[in-house]
file structure_0.tsv (TSV, C-alpha atoms)
chain	number	residue	atom	x	y	z
I	407	MET	CA	115.13	5.00	-38.85
I	408	ARG	CA	117.38	7.19	-40.99
I	409	ASN	CA	120.51	5.24	-39.98
I	410	GLN	CA	122.68	6.16	-42.93
I	411	GLU	CA	122.21	9.91	-42.56
I	412	ILE	CA	122.93	9.69	-38.84
I	413	GLU	CA	125.98	7.47	-39.35
I	414	ASP	CA	127.35	9.82	-42.00
I	415	LEU	CA	126.95	12.81	-39.71
I	416	VAL	CA	128.68	11.01	-36.82
I	417	GLU	CA	131.56	10.14	-39.14
I	418	GLN	CA	131.75	13.74	-40.36
I	419	LEU	CA	131.86	15.02	-36.77
I	420	ALA	CA	134.60	12.52	-35.90
I	421	VAL	CA	136.75	13.73	-38.78
I	422	GLU	CA	136.19	17.37	-37.85
I	423	LEU	CA	137.07	16.76	-34.20
I	424	GLY	CA	139.79	14.22	-34.96
I	425	ARG	CA	138.41	11.90	-32.29
I	426	GLY	CA	136.47	8.69	-31.86
I	427	LEU	CA	132.74	9.15	-31.37
I	428	SER	CA	129.85	6.93	-30.43
I	429	LEU	CA	126.14	7.72	-30.36
I	430	GLU	CA	123.76	5.98	-28.00
I	431	ASP	CA	120.10	6.26	-27.13
I	432	LEU	CA	118.71	6.92	-23.67
I	433	ASP	CA	118.70	3.21	-22.85
I	434	GLY	CA	122.40	2.82	-23.63
I	435	LEU	CA	121.96	1.16	-27.02
I	436	LEU	CA	124.54	1.92	-29.72
I	437	LEU	CA	123.08	3.87	-32.65
I	438	ALA	CA	126.21	4.85	-34.58
I	439	TYR	CA	129.98	5.12	-34.19
I	440	SER	CA	132.95	6.47	-36.06
I	441	ALA	CA	135.71	4.52	-37.68
I	442	ASN	CA	138.15	7.36	-36.95
I	443	GLN	CA	139.89	6.33	-33.71
I	444	SER	CA	143.60	6.46	-32.89
I	445	HIS	CA	143.13	4.33	-29.77
I	446	ALA	CA	140.03	2.51	-28.53
I	447	ASP	CA	139.90	1.60	-24.85
I	448	ARG	CA	138.39	-1.63	-23.53
I	449	VAL	CA	135.01	-0.03	-22.83
I	450	ARG	CA	134.68	1.29	-26.38
I	451	VAL	CA	135.69	-2.03	-27.94
I	452	ASN	CA	133.18	-3.97	-25.83
I	453	PHE	CA	130.48	-1.39	-26.52
I	454	LEU	CA	130.94	-1.64	-30.28
I	455	LEU	CA	130.79	-5.43	-30.05
I	456	SER	CA	127.82	-5.78	-27.70
I	457	LYS	CA	125.93	-2.67	-28.91
I	458	ARG	CA	124.91	-1.91	-25.32
I	459	VAL	CA	126.52	-0.06	-22.40
I	460	PRO	CA	127.22	-2.61	-19.63
I	461	PRO	CA	125.71	-1.92	-16.17
I	462	ASP	CA	129.00	-1.06	-14.43
I	463	VAL	CA	129.97	1.46	-17.12
I	464	SER	CA	126.46	2.91	-17.13
I	465	ALA	CA	126.58	3.35	-13.36
I	466	TRP	CA	129.91	5.22	-13.64
I	467	GLN	CA	128.54	7.50	-16.32
I	468	LEU	CA	125.27	8.18	-14.50
I	469	SER	CA	127.15	8.95	-11.28
I	470	HIS	CA	128.50	12.07	-13.01
I	471	GLY	CA	125.04	13.45	-13.72
I	472	ILE	CA	124.62	12.81	-17.44
I	473	ALA	CA	120.92	11.91	-17.06
I	474	ALA	CA	120.07	15.42	-15.87
I	475	ALA	CA	122.71	17.38	-17.79
I	476	VAL	CA	121.86	19.85	-20.52
I	477	ARG	CA	125.48	20.73	-21.31
I	478	PRO	CA	128.58	18.59	-22.01
I	479	VAL	CA	129.68	16.53	-19.02
I	480	VAL	CA	133.23	15.35	-18.37
I	481	VAL	CA	133.32	11.71	-17.27
I	482	PRO	CA	136.79	10.94	-15.92
I	483	ALA	CA	138.84	7.84	-16.68
I	484	ASN	CA	138.27	4.65	-14.70
I	485	ALA	CA	141.23	2.27	-14.72
I	486	GLU	CA	139.22	-0.53	-13.11
I	487	LEU	CA	136.77	-0.46	-16.00
I	488	GLY	CA	139.51	0.00	-18.60
I	489	MET	CA	138.01	3.32	-19.57
I	490	LEU	CA	139.68	6.50	-20.78
I	491	GLY	CA	138.17	9.88	-19.99
I	492	ARG	CA	135.23	11.02	-22.08
I	493	VAL	CA	132.92	13.93	-22.68
I	494	CYS	CA	129.21	13.24	-22.87
I	495	VAL	CA	127.21	15.64	-25.07
I	496	PRO	CA	123.47	15.41	-24.24
I	497	LEU	CA	121.44	15.74	-27.43
I	498	MET	CA	118.31	17.81	-26.85
I	499	VAL	CA	115.42	18.84	-29.09
I	500	ARG	CA	112.79	21.33	-27.93
I	501	GLY	CA	113.71	20.58	-24.36
I	502	PHE	CA	113.65	16.82	-24.74
I	503	ARG	CA	116.65	14.56	-24.39
I	504	VAL	CA	116.96	12.24	-27.38
I	505	GLY	CA	120.38	10.64	-26.93
I	506	TYR	CA	124.06	11.05	-26.01
I	507	LEU	CA	127.10	11.69	-28.16
I	508	TRP	CA	130.35	10.44	-26.56
I	509	VAL	CA	133.74	11.93	-27.41
I	510	GLN	CA	136.71	9.90	-26.17
I	511	GLN	CA	139.97	11.43	-24.96
I	512	ASP	CA	143.25	10.25	-26.41
I	513	ALA	CA	145.34	7.99	-24.18
I	514	GLN	CA	147.98	10.70	-23.62
I	515	GLU	CA	145.51	13.46	-22.72
I	516	GLN	CA	145.33	14.32	-19.02
I	517	SER	CA	142.07	16.26	-19.19
I	518	ALA	CA	139.07	16.96	-21.39
I	519	THR	CA	139.92	20.66	-21.81
I	520	ALA	CA	140.79	20.31	-25.50
I	521	ILE	CA	137.51	18.50	-26.27
I	522	LEU	CA	135.44	21.12	-24.45
I	523	ALA	CA	137.20	23.82	-26.47
I	524	GLN	CA	136.37	22.04	-29.75
I	525	LEU	CA	132.65	21.40	-29.12
I	526	PRO	CA	131.32	24.95	-29.70
I	527	ARG	CA	132.61	24.78	-33.28
I	528	VAL	CA	130.39	21.80	-34.06
I	529	ARG	CA	127.27	22.96	-32.20
I	530	ASP	CA	125.23	23.25	-35.41
I	531	ALA	CA	126.15	19.70	-36.38
I	532	THR	CA	125.24	18.27	-32.96
I	533	ASP	CA	121.91	20.13	-33.05
I	534	LEU	CA	121.25	18.61	-36.47
I	535	LEU	CA	122.17	15.19	-35.10
I	536	ALA	CA	119.64	15.64	-32.29
I	537	THR	CA	116.94	16.64	-34.78
I	538	LEU	CA	117.68	13.62	-36.97
I	539	LEU	CA	117.39	11.38	-33.92
I	540	LEU	CA	114.02	12.84	-33.01
I	541	ASP	CA	112.77	12.62	-36.59
I	542	SER	CA	113.93	9.05	-36.99
I	543	ASN	CA	112.94	7.61	-33.64
I	544	THR	CA	110.30	9.44	-31.65
I	545	ALA	CA	110.10	6.81	-28.90
I	546	GLU	CA	111.59	9.09	-26.29
I	547	SER	CA	109.48	12.17	-27.02
I	548	SER	CA	106.42	9.96	-27.40
I	549	GLN	CA	107.23	8.27	-24.11
I	550	ARG	CA	107.60	11.62	-22.40
I	551	ARG	CA	104.28	12.83	-23.78
I	552	ALA	CA	102.60	9.62	-22.69
I	553	ARG	CA	104.00	9.95	-19.16
I	554	GLU	CA	102.88	13.58	-18.93
I	555	GLN	CA	99.40	12.63	-20.08
I	556	GLN	CA	99.33	9.85	-17.49
I	557	PHE	CA	100.40	12.30	-14.77
I	558	LEU	CA	97.81	14.89	-15.81
I	559	ALA	CA	95.11	12.22	-15.83
I	560	ALA	CA	96.14	11.28	-12.29
I	561	ALA	CA	96.03	14.94	-11.25
I	562	ASP	CA	92.49	15.10	-12.65
I	563	GLY	CA	91.45	12.13	-10.51
I	564	ASP	CA	91.77	9.11	-12.82
I	565	ARG	CA	92.15	6.16	-10.42
I	566	HIS	CA	94.06	3.93	-12.83
I	567	ALA	CA	96.49	6.73	-13.64
I	568	LEU	CA	97.04	7.33	-9.92
I	569	GLU	CA	97.96	3.66	-9.51
I	570	VAL	CA	100.36	3.88	-12.46
I	571	ILE	CA	102.28	6.95	-11.30
I	572	ALA	CA	102.50	5.55	-7.77
I	573	ASP	CA	104.98	2.99	-9.16
I	574	TRP	CA	107.18	5.51	-10.97
I	575	PRO	CA	110.70	5.48	-9.44
I	576	GLU	CA	110.85	9.28	-9.21
I	577	ILE	CA	107.62	9.37	-7.19
I	578	ARG	CA	107.41	6.09	-5.28
I	579	GLN	CA	108.26	6.41	-1.56
I	580	ARG	CA	109.32	10.05	-1.96
I	581	GLY	CA	106.36	11.63	-0.21
I	582	PRO	CA	104.93	13.65	1.31
I	583	TRP	CA	104.41	15.65	-1.84
I	584	GLN	CA	103.17	19.06	-2.94
I	585	ALA	CA	101.57	20.05	-6.24
I	586	ALA	CA	102.49	23.35	-7.87
I	587	THR	CA	100.93	25.24	-10.78
I	588	VAL	CA	103.07	27.73	-12.71
I	589	HIS	CA	101.37	30.32	-14.89
I	590	ALA	CA	102.51	33.26	-17.02
I	591	GLY	CA	99.89	35.81	-16.11
I	592	PRO	CA	97.86	38.03	-18.42
I	593	GLY	CA	99.13	41.46	-19.29
I	594	THR	CA	102.54	40.16	-20.39
I	595	ASP	CA	103.72	39.29	-23.87
I	596	ALA	CA	105.95	36.62	-22.38
I	597	GLY	CA	105.10	33.00	-21.97
I	598	PRO	CA	102.64	30.85	-23.86
I	599	GLN	CA	100.19	33.75	-24.27
I	600	ALA	CA	102.62	35.00	-26.93
I	601	VAL	CA	102.19	31.67	-28.73
I	602	ARG	CA	98.80	31.56	-30.46
I	603	ASP	CA	98.99	27.91	-31.48
I	604	PRO	CA	97.64	25.87	-28.50
I	605	LEU	CA	99.94	22.95	-29.33
I	606	ALA	CA	102.96	25.25	-29.44
I	607	ALA	CA	101.88	26.85	-26.13
I	608	THR	CA	101.69	23.40	-24.57
I	609	LEU	CA	105.15	22.54	-25.87
I	610	VAL	CA	106.53	25.82	-24.47
I	611	ASN	CA	105.13	25.03	-21.02
I	612	ARG	CA	106.26	21.40	-21.15
I	613	SER	CA	109.83	22.15	-22.14
I	614	ALA	CA	110.17	25.21	-19.88
I	615	ALA	CA	108.99	23.23	-16.87
I	616	LEU	CA	111.25	20.30	-17.70
I	617	GLN	CA	114.34	22.47	-18.10
I	618	ALA	CA	113.53	24.67	-15.09
I	619	THR	CA	113.57	21.70	-12.71
I	620	VAL	CA	116.72	19.97	-13.96
I	621	GLY	CA	119.13	19.51	-11.05
I	622	PHE	CA	116.51	20.02	-8.32
I	623	ASP	CA	116.10	16.73	-6.43
I	624	ASP	CA	112.88	17.89	-4.80
I	625	ALA	CA	111.24	18.50	-8.19
I	626	LEU	CA	109.98	15.02	-9.04
I	627	PHE	CA	107.94	15.46	-12.23
I	628	THR	CA	106.56	18.15	-14.52
I	629	ALA	CA	103.89	18.35	-17.19
I	630	GLY	CA	102.59	21.12	-19.41
I	631	LEU	CA	99.25	22.34	-20.70
I	632	GLY	CA	98.42	25.24	-22.98
I	633	SER	CA	97.71	27.59	-20.07
I	634	HIS	CA	100.16	26.44	-17.38
I	635	ALA	CA	102.68	23.91	-16.16
I	636	VAL	CA	102.16	21.40	-13.35
I	637	MET	CA	104.99	20.36	-11.04
I	638	LEU	CA	105.22	17.74	-8.31
I	639	PHE	CA	107.64	18.53	-5.48
I	640	ARG	CA	108.65	16.77	-2.33
I	641	ALA	CA	106.96	18.70	0.47
I	642	ARG	CA	109.34	21.13	2.18
I	643	GLN	CA	108.85	24.02	4.59
I	644	GLY	CA	111.16	26.37	2.72
I	645	ARG	CA	110.57	27.91	-0.69
I	646	THR	CA	114.17	28.44	-1.82
I	647	ALA	CA	114.04	25.67	-4.41
I	648	HIS	CA	110.63	26.82	-5.62
I	649	ALA	CA	111.93	30.37	-6.09
I	650	ALA	CA	114.94	29.09	-8.02
I	651	VAL	CA	112.73	26.92	-10.25
I	652	LEU	CA	110.37	29.84	-10.89
I	653	LYS	CA	113.26	32.10	-11.88
I	654	ARG	CA	114.61	29.48	-14.27
I	655	TYR	CA	111.12	28.93	-15.66
I	656	GLU	CA	110.90	32.64	-16.51
I	657	GLY	CA	114.22	32.37	-18.33
I	658	GLU	CA	113.14	29.25	-20.21
I	659	LEU	CA	109.94	30.98	-21.33
I	660	ALA	CA	111.96	33.93	-22.58
I	661	LYS	CA	114.31	31.65	-24.54
I	662	ARG	CA	111.42	29.88	-26.22
I	663	THR	CA	109.20	32.88	-26.94
I	664	GLY	CA	111.91	35.50	-27.56
I	665	VAL	CA	110.23	37.87	-25.09
I	666	PRO	CA	111.47	38.49	-21.51
I	667	ALA	CA	109.01	37.19	-18.94
I	668	SER	CA	107.52	39.88	-16.75
I	669	LYS	CA	104.93	38.14	-14.57
I	670	VAL	CA	105.11	34.46	-13.76
I	671	VAL	CA	103.51	32.99	-10.63
I	672	MET	CA	103.59	29.67	-8.78
I	673	GLY	CA	100.69	28.39	-6.72
I	674	ILE	CA	101.37	25.60	-4.21
I	675	GLY	CA	98.83	23.19	-2.71
I	676	GLU	CA	98.79	21.62	0.73
I	677	PRO	CA	101.26	18.77	1.45
I	678	PHE	CA	99.81	15.27	1.07
I	679	GLY	CA	101.04	11.84	2.07
I	680	SER	CA	98.82	9.71	-0.18
I	681	LEU	CA	98.72	10.09	-3.95
I	682	ARG	CA	94.94	9.76	-3.75
I	683	ALA	CA	95.04	13.37	-2.54
I	684	LEU	CA	96.86	14.59	-5.67
I	685	PRO	CA	93.69	15.82	-7.46
I	686	ALA	CA	92.67	17.97	-4.47
I	687	ALA	CA	96.22	19.32	-4.11
I	688	TYR	CA	96.39	20.13	-7.83
I	689	ARG	CA	93.13	22.08	-7.55
I	690	GLU	CA	94.52	23.98	-4.55
I	691	SER	CA	97.66	24.87	-6.50
I	692	ARG	CA	95.56	26.20	-9.40
I	693	ILE	CA	93.52	28.37	-7.03
I	694	ALA	CA	96.72	29.74	-5.48
I	695	ALA	CA	98.20	30.49	-8.93
I	696	GLN	CA	94.99	32.22	-10.00
I	697	ALA	CA	94.94	34.29	-6.81
I	698	ALA	CA	98.58	35.32	-7.25
I	699	THR	CA	97.81	36.32	-10.84
I	700	VAL	CA	94.83	38.56	-10.05
I	701	ASP	CA	96.26	40.00	-6.82
I	702	PRO	CA	99.99	40.82	-7.18
I	703	ALA	CA	100.19	41.90	-3.55
I	704	LEU	CA	100.06	38.22	-2.59
I	705	GLY	CA	103.48	37.58	-4.16
I	706	ALA	CA	104.79	35.49	-7.04
I	707	ILE	CA	104.92	32.28	-4.96
I	708	LEU	CA	101.73	31.62	-3.03
I	709	ASP	CA	100.67	28.72	-0.85
I	710	VAL	CA	96.95	28.03	-0.95
I	711	ARG	CA	96.74	28.94	2.73
I	712	GLY	CA	97.68	32.48	1.75
I	713	ALA	CA	94.99	32.73	-0.92
I	714	GLY	CA	92.47	33.89	1.67
I	715	VAL	CA	89.04	34.78	0.34
I	716	TYR	CA	89.99	33.63	-3.18
I	717	GLU	CA	89.88	30.02	-2.00
I	718	VAL	CA	86.32	30.66	-0.82
I	719	LEU	CA	85.39	32.38	-4.08
I	720	ALA	CA	86.72	29.38	-6.03
I	721	GLY	CA	84.00	27.28	-4.46
I	722	GLY	CA	81.19	28.93	-6.40
I	723	ALA	CA	79.98	31.86	-8.44
I	724	ALA	CA	80.41	35.32	-6.93
I	725	ASP	CA	79.27	38.43	-8.76
I	726	PRO	CA	80.57	41.74	-7.34
I	727	GLU	CA	77.47	43.50	-8.68
I	728	ASP	CA	75.33	41.48	-6.27
I	729	SER	CA	76.43	44.16	-3.79
I	730	VAL	CA	74.34	47.31	-3.98
I	731	TYR	CA	77.19	49.32	-2.45
I	732	TYR	CA	79.60	48.06	-5.13
I	733	ARG	CA	77.12	48.95	-7.89
I	734	LEU	CA	76.70	52.49	-6.53
I	735	LEU	CA	80.46	53.03	-6.73
I	736	GLN	CA	81.26	51.03	-9.85
I	737	GLY	CA	79.19	53.16	-12.18
I	738	ARG	CA	80.90	56.44	-11.22
I	739	ALA	CA	83.60	58.18	-13.22
I	740	ASP	CA	85.82	58.36	-10.12
I	741	ALA	CA	85.52	54.63	-9.30
I	742	ALA	CA	89.15	54.13	-10.36
I	743	GLU	CA	90.16	56.54	-7.57
I	744	LEU	CA	87.86	55.14	-4.89
I	745	PHE	CA	88.25	51.37	-5.31
I	746	PRO	CA	92.05	51.23	-4.75
I	747	VAL	CA	91.70	53.26	-1.54
I	748	LEU	CA	88.94	51.00	-0.25
I	749	GLU	CA	90.73	47.75	-1.11
I	750	LEU	CA	93.99	48.81	0.51
I	751	LEU	CA	92.06	50.15	3.49
I	752	TYR	CA	90.44	46.76	4.01
I	753	ASP	CA	93.60	44.77	3.24
I	754	SER	CA	95.75	46.80	5.66
I	755	ASP	CA	93.34	47.08	8.60
I	756	GLY	CA	92.70	50.77	8.14
I	757	ALA	CA	96.31	52.00	8.31
I	758	VAL	CA	95.85	55.30	6.45
I	759	ALA	CA	99.54	56.23	6.53
I	760	GLY	CA	100.48	53.00	4.74
I	761	ILE	CA	97.72	53.43	2.16
I	762	ALA	CA	98.81	56.99	1.41
I	763	GLY	CA	102.41	55.86	0.93
I	764	ARG	CA	101.55	52.96	-1.38
I	765	LEU	CA	99.23	55.05	-3.54
I	766	HIS	CA	101.52	58.09	-3.44
I	767	LEU	CA	98.75	60.25	-1.96
I	768	HIS	CA	98.57	62.70	0.91
I	769	ARG	CA	96.76	61.40	3.99
I	770	SER	CA	94.12	64.08	3.66
I	771	THR	CA	93.35	62.80	0.14
I	772	VAL	CA	92.78	59.31	1.52
I	773	TYR	CA	90.41	60.65	4.18
I	774	ASN	CA	88.63	62.72	1.53
I	775	ARG	CA	88.04	59.69	-0.69
I	776	ILE	CA	86.71	57.66	2.24
I	777	ALA	CA	84.30	60.51	2.96
I	778	ARG	CA	83.20	60.52	-0.69
I	779	VAL	CA	82.45	56.82	-0.51
I	780	ARG	CA	80.41	57.37	2.65
I	781	GLY	CA	78.38	60.05	0.87
I	782	ILE	CA	77.80	57.96	-2.25
I	783	ILE	CA	76.62	54.77	-0.56
I	784	GLY	CA	74.89	56.43	2.37
I	785	ALA	CA	76.66	54.19	4.89
I	786	ASP	CA	79.97	54.01	6.75
I	787	PRO	CA	82.40	51.91	4.60
I	788	LEU	CA	84.32	51.00	7.79
I	789	ALA	CA	81.26	49.59	9.59
I	790	GLY	CA	81.36	45.79	10.01
I	791	ARG	CA	78.77	44.45	7.56
I	792	VAL	CA	79.27	47.20	4.98
I	793	ARG	CA	83.02	46.66	5.12
I	794	LEU	CA	82.64	42.88	4.71
I	795	GLU	CA	80.27	43.27	1.76
I	796	LEU	CA	82.46	45.77	-0.10
I	797	HIS	CA	85.69	43.89	0.63
I	798	LEU	CA	84.23	40.64	-0.70
I	799	ALA	CA	82.81	42.41	-3.78
I	800	LEU	CA	86.21	43.96	-4.57
I	801	LYS	CA	87.90	40.57	-4.33
I	802	ALA	CA	85.16	38.95	-6.42
I	803	ALA	CA	85.83	41.55	-9.12
I	804	ARG	CA	89.50	40.55	-9.12
I	805	TRP	CA	88.63	36.85	-9.12
I	806	ALA	CA	86.42	37.32	-12.18
I	807	ALA	CA	89.56	38.26	-14.14
I	808	ARG	CA	91.47	35.09	-13.16
I	809	PRO	CA	93.08	32.88	-15.81
I	810	ARG	CA	91.12	29.70	-16.46
I	811	LEU	CA	93.51	26.87	-15.58
call {"tool": "encode", "arguments": {"input": "structure_0.tsv", "output": "structure tokens"}}
result
Amino acid sequence: MRNQEIEDLVEQLAVELGRGLSLEDLDGLLLAYSANQSHADRVRVNFLLSKRVPPDVSAWQLSHGIAAAVRPVVVPANAELGMLGRVCVPLMVRGFRVGYLWVQQDAQEQSATAILAQLPRVRDATDLLATLLLDSNTAESSQRRAREQQFLAAADGDRHALEVIADWPEIRQRGPWQAATVHAGPGTDAGPQAVRDPLAATLVNRSAALQATVGFDDALFTAGLGSHAVMLFRARQGRTAHAAVLKRYEGELAKRTGVPASKVVMGIGEPFGSLRALPAAYRESRIAAQAATVDPALGAILDVRGAGVYEVLAGGAADPEDSVYYRLLQGRADAAELFPVLELLYDSDGAVAGIAGRLHLHRSTVYNRIARVRGIIGADPLAGRVRLELHLALKAARWAARPRL
């Protein structure tokens, strides 16, 4: 571990801020501290001697949300503990927490306002400190990667992995659960598709998912792959939290890729009360995400129950050109005019007025195109079996363009 470089940087920060600093890892172990300190309270003295945060102090700090924070957190004084007020600066690298830098208030200060005002001036130095921590001790990032791999193995049906994650504190006894798949769809420059390196794309999804769920109690765990992110939620009827997470995920993608996200979807599987059902629920969430990607009319957040025929199509191969009616239409120059009318006609139960409005056409144009279809295929496109065949073929054509998750 590059102790000297880290210690020197902590000392330099202390001089610049004119305050006492201490650096600890995620387990509360002392990594470095500054000699510059006008007054050290009892907690700081004991910490420097024992090299570890005692349980009562740790509980006080954690009660103010430092474990989930991504910005400086004010931890007020606690006379019972003999502790002056402090500011905790979470140290993050590529979305991963690597440690905490603590800045102690002076005894005469009534608030942490002055410290908060100073911190932006040393942002570059704290970012460098975080990078040095990651470079010198990768236990935390390695641990996170290992846990994500364990979770993904469980989602893929590995029995041992399912037993392991069942004992994780964030998952144990917090069911019923729901699996969600988040995907940045094709046709946008945002998201991991803008990152050609598969490892970088995985890191983008991992860190975006992790940051997007911070502060949401119902979001229990996240993992990332090159094509999508996987999230485990507590099962709820509402989708308010899911919508908020999805919005933040879009923002996190934009921050990491430098391109505003334009189309990000979330597919949600059925609730389950036993973790043995996680693999099936994960598959359902992927199907829902794929359906939402290929069929925007279904919405950005889609439960598998709303995937309709796409859930059926996911069960096996379906070629739209197996339909003779589809082939007769598909090869024509005006297919791009006829297919949208037919699909909306079938999706909206034949409401011509609604179809005309959505396609910005006159009603007579809609009727004319239906008549053209009738003439081309030699059958009534609204008749039961013909309608079913064409509707399924149109959806199969969409499904063929789905992202492979």
call {"tool": "closest_residue", "arguments": {"input": "structure_0.tsv", "among": "I:Ala706, I:Val747, I:Cys494, I:Leu735", "to": "His766 (chain I)", "atoms": "only C-alpha atoms"}}
result
I:Val747
call {"tool": "residues_around", "arguments": {"input": "structure_0.tsv", "residues": "region 554-564 of chain I", "least_positions_apart": "3", "cutoff": "9 Å", "atoms": "all atoms listed in the file", "output": "short mmCIF file (atom, residue, chain, number, x, y, z; two decimals) with C-alpha atoms, keeping the file's coordinate frame"}}
result
data_model
loop_
_atom_site.label_atom_id
_atom_site.label_comp_id
_atom_site.auth_asym_id
_atom_site.auth_seq_id
_atom_site.Cartn_x
_atom_site.Cartn_y
_atom_site.Cartn_z
CA GLN I 549 107.23 8.27 -24.11
CA ARG I 550 107.60 11.62 -22.40
CA ARG I 551 104.28 12.83 -23.78
CA ALA I 567 96.49 6.73 -13.64
CA LEU I 568 97.04 7.33 -9.92
CA GLU I 569 97.96 3.66 -9.51
CA VAL I 570 100.36 3.88 -12.46
CA ILE I 571 102.28 6.95 -11.30
CA ARG I 612 106.26 21.40 -21.15
CA PHE I 627 107.94 15.46 -12.23
CA THR I 628 106.56 18.15 -14.52
CA ALA I 629 103.89 18.35 -17.19
CA GLY I 630 102.59 21.12 -19.41
CA VAL I 636 102.16 21.40 -13.35
CA LEU I 681 98.72 10.09 -3.95
CA ARG I 682 94.94 9.76 -3.75
CA ALA I 683 95.04 13.37 -2.54
CA LEU I 684 96.86 14.59 -5.67
CA PRO I 685 93.69 15.82 -7.46
CA ALA I 686 92.67 17.97 -4.47
CA ALA I 687 96.22 19.32 -4.11
CA TYR I 688 96.39 20.13 -7.83
CA ARG I 689 93.13 22.08 -7.55
#
call {"tool": "closest_residue", "arguments": {"input": "structure_0.tsv", "among": "I:Gln584, I:Leu522, I:Glu727, I:Ala474", "to": "Asp623 (chain I)", "atoms": "all atoms listed in the file"}}
result
I:Ala474
call {"tool": "atom_distance", "arguments": {"input": "structure_0.tsv", "atom1": "CA of Pro677 (chain I)", "atom2": "CA of Asp624 (chain I)"}}
result
13.2 Å
call {"tool": "closest_residue", "arguments": {"input": "structure_0.tsv", "among": "I:Ser754, I:Asn484, I:Thr619, I:Asn409", "to": "Asp462 (chain I)", "atoms": "all atoms listed in the file"}}
result
I:Asn484
call {"tool": "atom_distance", "arguments": {"input": "structure_0.tsv", "atom1": "CA of Ala799 (chain I)", "atom2": "CA of Tyr731 (chain I)"}}
result
9.0 Å
call {"tool": "atom_distance", "arguments": {"input": "structure_0.tsv", "atom1": "CA of Gln467 (chain I)", "atom2": "CA of Arg450 (chain I)"}}
result
13.3 Å
call {"tool": "closest_residue", "arguments": {"input": "structure_0.tsv", "among": "I:Tyr752, I:Trp466, I:Trp805, I:Phe745", "to": "Val779 (chain I)", "atoms": "only C-alpha atoms"}}
result
I:Phe745
call {"tool": "residues_around", "arguments": {"input": "structure_0.tsv", "residues": "Val493 (chain I)", "least_positions_apart": "4", "cutoff": "9 Å", "atoms": "all atoms listed in the file", "output": "PyMOL selection string"}}
result
chain I and resi 478-482+507-511+518+521-522
call {"tool": "residues_near_point", "arguments": {"input": "structure_0.tsv", "point": "(131.4, -0.5, -28.4)", "cutoff": "12 Å", "atoms": "all atoms listed in the file", "output": "ChimeraX atom specification"}}
result
/I:426-430,434-441,446-460,463,489,508,510
call {"tool": "write_last_selection", "arguments": {"input": "structure_0.tsv", "atoms": "C-alpha atoms", "output": "JSON list (two decimals), keeping the file's coordinate frame"}}
result
[["chain", "number", "residue", "atom", "x", "y", "z"],
["I", 426, "GLY", "CA", 136.47, 8.69, -31.86],
["I", 427, "LEU", "CA", 132.74, 9.15, -31.37],
["I", 428, "SER", "CA", 129.85, 6.93, -30.43],
["I", 429, "LEU", "CA", 126.14, 7.72, -30.36],
["I", 430, "GLU", "CA", 123.76, 5.98, -28.00],
["I", 434, "GLY", "CA", 122.40, 2.82, -23.63],
["I", 435, "LEU", "CA", 121.96, 1.16, -27.02],
["I", 436, "LEU", "CA", 124.54, 1.92, -29.72],
["I", 437, "LEU", "CA", 123.08, 3.87, -32.65],
["I", 438, "ALA", "CA", 126.21, 4.85, -34.58],
["I", 439, "TYR", "CA", 129.98, 5.12, -34.19],
["I", 440, "SER", "CA", 132.95, 6.47, -36.06],
["I", 441, "ALA", "CA", 135.71, 4.52, -37.68],
["I", 446, "ALA", "CA", 140.03, 2.51, -28.53],
["I", 447, "ASP", "CA", 139.90, 1.60, -24.85],
["I", 448, "ARG", "CA", 138.39, -1.63, -23.53],
["I", 449, "VAL", "CA", 135.01, -0.03, -22.83],
["I", 450, "ARG", "CA", 134.68, 1.29, -26.38],
["I", 451, "VAL", "CA", 135.69, -2.03, -27.94],
["I", 452, "ASN", "CA", 133.18, -3.97, -25.83],
["I", 453, "PHE", "CA", 130.48, -1.39, -26.52],
["I", 454, "LEU", "CA", 130.94, -1.64, -30.28],
["I", 455, "LEU", "CA", 130.79, -5.43, -30.05],
["I", 456, "SER", "CA", 127.82, -5.78, -27.70],
["I", 457, "LYS", "CA", 125.93, -2.67, -28.91],
["I", 458, "ARG", "CA", 124.91, -1.91, -25.32],
["I", 459, "VAL", "CA", 126.52, -0.06, -22.40],
["I", 460, "PRO", "CA", 127.22, -2.61, -19.63],
["I", 463, "VAL", "CA", 129.97, 1.46, -17.12],
["I", 489, "MET", "CA", 138.01, 3.32, -19.57],
["I", 508, "TRP", "CA", 130.35, 10.44, -26.56],
["I", 510, "GLN", "CA", 136.71, 9.90, -26.17]]
call {"tool": "closest_residue", "arguments": {"input": "structure_0.tsv", "among": "I:Leu616, I:Ala697, I:Leu708, I:Val730", "to": "Pro809 (chain I)", "atoms": "only C-alpha atoms"}}
result
I:Ala697
call {"tool": "closest_residue", "arguments": {"input": "structure_0.tsv", "among": "I:Tyr655, I:His589, I:Ser464, I:Ala614", "to": "Val671 (chain I)", "atoms": "all atoms listed in the file"}}
result
I:His589
call {"tool": "residues_around", "arguments": {"input": "structure_0.tsv", "residues": "Arg775 (chain I)", "least_positions_apart": "4", "cutoff": "10 Å", "atoms": "only C-alpha atoms", "output": "PyMOL selection string"}}
result
chain I and resi 740+743-745+747-748+770-771+779-781
